[in-house]
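Raw start.cif, mmCIF, C-alpha atoms:
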```cif
data_final
#
loop_
_atom_site.label_atom_id
_atom_site.label_comp_id
_atom_site.auth_asym_id
_atom_site.auth_seq_id
_atom_site.Cartn_x
_atom_site.Cartn_y
_atom_site.Cartn_z
CA MET W 1 191.20 209.12 110.76
CA LYS W 2 194.69 208.12 109.57
CA ARG W 3 193.56 204.53 109.16
CA ARG W 4 190.58 205.55 107.01
CA LEU W 5 192.89 207.63 104.81
CA LEU W 6 195.18 204.60 104.48
CA ASN W 7 192.15 202.59 103.35
CA LEU W 8 191.79 205.02 100.44
CA PHE W 9 195.43 204.95 99.33
CA PHE W 10 195.52 201.64 97.41
CA PRO W 11 192.17 202.04 95.57
CA VAL W 12 193.21 205.56 94.50
CA ALA W 13 196.57 204.21 93.32
CA ALA W 14 194.70 201.53 91.34
CA LEU W 15 192.44 204.21 89.83
CA ILE W 16 195.46 206.25 88.72
CA LEU W 17 196.95 203.16 87.08
CA GLU W 18 193.61 202.39 85.42
CA LEU W 19 193.58 205.85 83.85
CA LEU W 20 196.94 205.22 82.16
CA PRO W 21 196.76 203.92 78.57
CA TYR W 22 198.83 200.80 79.33
CA GLY W 23 196.50 198.51 81.28
CA ALA W 24 193.98 196.82 79.01
CA VAL W 25 195.46 194.76 76.17
CA CYS W 26 194.00 193.81 72.79
CA ASN W 27 195.83 191.60 70.30
CA PHE W 28 194.80 192.16 66.71
CA ALA W 29 195.36 189.76 63.83
CA ASN W 30 197.79 190.72 61.09
CA PRO W 31 197.32 189.15 57.65
CA GLU W 32 201.07 189.21 57.07
CA GLY W 33 201.94 187.08 60.09
CA GLU W 34 202.42 187.96 63.72
CA SER W 35 199.53 189.67 65.52
CA PHE W 36 200.10 193.10 67.00
CA ARG W 37 199.36 194.29 70.50
CA ARG W 38 197.66 197.53 71.54
CA THR W 39 197.15 198.77 75.08
CA TYR W 40 194.32 200.97 76.31
CA SER W 41 193.07 202.62 79.46
CA TYR W 42 190.76 200.54 81.65
CA PHE W 43 188.05 203.13 80.95
CA ASP W 44 188.39 202.83 77.15
CA MET W 45 185.51 201.10 75.38
CA THR W 46 187.68 199.47 72.68
CA PRO W 47 188.64 196.37 74.72
CA PHE W 48 185.02 196.11 75.90
CA GLY W 49 183.92 196.06 72.26
CA TYR W 50 186.35 193.23 71.57
CA ALA W 51 184.86 191.12 74.42
CA ASN W 52 187.49 192.00 77.01
CA PHE W 53 184.99 193.01 79.68
CA ALA W 54 187.20 192.73 82.76
CA PRO W 55 189.11 196.06 82.53
CA LEU W 56 185.99 198.22 82.39
CA LEU W 57 184.28 196.21 85.13
CA THR W 58 187.38 196.52 87.31
CA ALA W 59 187.45 200.29 86.74
CA ILE W 60 183.78 200.64 87.68
CA VAL W 61 184.26 198.54 90.83
CA THR W 62 187.28 200.67 91.81
CA CYS W 63 185.26 203.88 91.43
CA ILE W 64 182.42 202.47 93.54
CA VAL W 65 184.89 201.38 96.24
CA ILE W 66 186.46 204.85 96.34
CA ILE W 67 183.02 206.44 96.69
CA LEU W 68 182.12 204.04 99.53
CA LEU W 69 185.41 204.71 101.32
CA LEU W 70 184.99 208.48 100.94
CA ILE W 71 181.54 208.26 102.49
CA HIS W 72 182.98 206.02 105.23
CA LEU W 73 185.63 208.68 105.88
CA PHE W 74 182.92 211.04 107.15
CA GLN W 75 180.22 208.62 108.30
CA LYS W 76 181.53 205.79 110.41
CA LYS W 77 179.11 203.13 109.19
CA PRO W 78 180.58 199.61 109.32
CA SER W 79 178.25 198.47 106.54
CA LEU W 80 180.06 200.75 104.08
CA LEU W 81 183.36 199.17 105.06
CA LYS W 82 181.94 195.66 104.60
CA ALA W 83 180.65 196.58 101.14
CA ALA W 84 184.04 198.05 100.20
CA LYS W 85 185.79 194.87 101.39
CA LEU W 86 183.53 192.69 99.28
CA LEU W 87 183.87 194.87 96.20
CA LEU W 88 187.65 195.08 96.50
CA ALA W 89 187.89 191.30 96.74
CA GLU W 90 185.66 190.94 93.67
CA GLY W 91 187.61 193.62 91.82
CA SER W 92 190.86 191.79 92.50
CA VAL W 93 189.45 188.61 90.98
CA ILE W 94 187.84 190.39 88.02
CA SER W 95 191.11 192.15 87.21
CA LEU W 96 192.73 188.74 86.67
CA CYS W 97 190.14 187.65 84.10
CA PRO W 98 192.19 188.71 81.03
CA LEU W 99 194.55 185.88 81.97
CA LEU W 100 191.77 183.51 80.86
CA TYR W 101 192.52 184.62 77.27
CA GLY W 102 196.24 184.07 77.77
CA VAL W 103 199.27 185.86 79.18
CA ARG W 104 199.49 187.99 76.02
CA PHE W 105 196.26 189.74 77.11
CA PHE W 106 197.69 190.84 80.48
CA SER W 107 200.09 193.72 81.08
CA VAL W 108 202.47 194.78 83.82
CA THR W 109 200.19 197.71 84.58
CA GLY W 110 197.30 195.26 84.89
CA GLY W 111 199.36 193.27 87.38
CA ALA W 112 200.08 196.43 89.37
CA ILE W 113 196.36 197.25 89.40
CA THR W 114 195.57 193.76 90.67
CA ALA W 115 198.25 194.11 93.35
CA CYS W 116 196.88 197.50 94.47
CA LEU W 117 193.36 196.10 94.72
CA ALA W 118 194.53 192.99 96.60
CA VAL W 119 196.64 194.98 99.07
CA GLY W 120 193.78 197.44 99.53
CA CYS W 121 191.51 194.50 100.31
CA ALA W 122 194.06 193.12 102.80
CA VAL W 123 194.36 196.51 104.50
CA LEU W 124 190.59 196.64 104.93
CA PHE W 125 190.57 193.18 106.50
CA LEU W 126 193.19 194.11 109.12
CA PRO W 127 191.64 194.50 112.56
CA MET W 128 190.79 198.02 113.66
CA LYS W 129 190.44 199.58 117.06
CA LYS W 130 186.82 199.94 118.07
CA ASP W 131 187.01 203.73 118.46
CA ASN W 132 188.64 204.13 115.02
CA VAL W 133 185.92 202.37 112.99
#
```
Please express what this file holds, its structure, as structure tokens.
Amino acid sequence: MKRRLLNLFFPVAALILELLPYGAVCNFANPEGESFRRTYSYFDMTPFGYANFAPLLTAIVTCIVIILLLIHLFQKKPSLLKAAKLLLAEGSVISLCPLLYGVRFFSVTGGAITACLAVGCAVLFLPMKKDNV
């Protein structure tokens, strides 16, 4: 039971960071010179409207993973754990997609979210005792 609770810790930490208004970054043009930077929550639709799809997709994947792990907490189905592993790995990669636009489109909070998802994925891949699955 403790191990399954540990499996939930890092995705929940990532979800808390995704709710903060510092994760998703948009850089807007300024006619007087230097562009200005605004940060948003991963659940905000503004970055999605400006073609920064990765934050919202990462947030949705994190929510699905948390739901799968909560179900796995009570029903010991290994297929739920496999699905959560796959989704966490994909979420880690998707959360790095703003780097394709440039470093200016990535934040420290976004890096912490990526780290939480990657560590959560690594924790799920650690071997478990057979009776604790």
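Pairwise distance (atom CA of Val61 of chain W, atom CA of Leu88 of chain W) equals 7.5 Å.
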*asked:* For the PyMOL selection byres ((chain W and resi 97-105) around 10), applied here, can you spell out every residue it catches as a list in words?
replied: Gly23, Ala24, Val25, Cys26, Asn27, Arg37, Arg38, Thr39, Asn52, Phe53, Ala54, Pro55, Thr58, Ser92, Val93, Ile94, Ser95, Leu96, Phe106, Ser107 and Gly110 of chain W
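Separating atom CA of Leu19 of chain W from atom CA of Leu6 of chain W is a distance of 20.7 Å.
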*Any idea what's packed within 12 Å of Phe74 of chain W, counting only C-alpha atoms, ignoring anything in its chain fewer than 2 positions away? Could you give it as a PyMOL selection string?*
chain W and resi 1+4-5+67-72+76-78+80+132-133
_From the options W:Cys63, W:Tyr22, W:Lys82, W:Val12, which residue's atoms come nearest to Val108 of chain W, counting all atoms listed in the file?_
W:Tyr22
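Atom CA of Leu57 of chain W is positioned 24.9 Å from atom CA of Ala29 of chain W.
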*Translate the PyMOL selection byres ((chain W and resi 86) around 12), as applied to the file shown, into an explicit residue set as a VMD selection string.*
chain W and resid 61 to 62 64 to 65 68 79 to 85 87 to 93 117 to 118 120 to 122 124 to 125
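Distances here use only C-alpha atoms; by that measure, the residue among W:Ala112, W:Ser35, W:Ser41, W:Leu126 closest to Pro11 of chain W is W:Ala112.
Among the candidates W:Arg3, W:Val123, W:Thr114, W:Phe10, the residue lying nearest to Ile66 of chain W is W:Phe10 (atoms considered: all atoms listed in the file).
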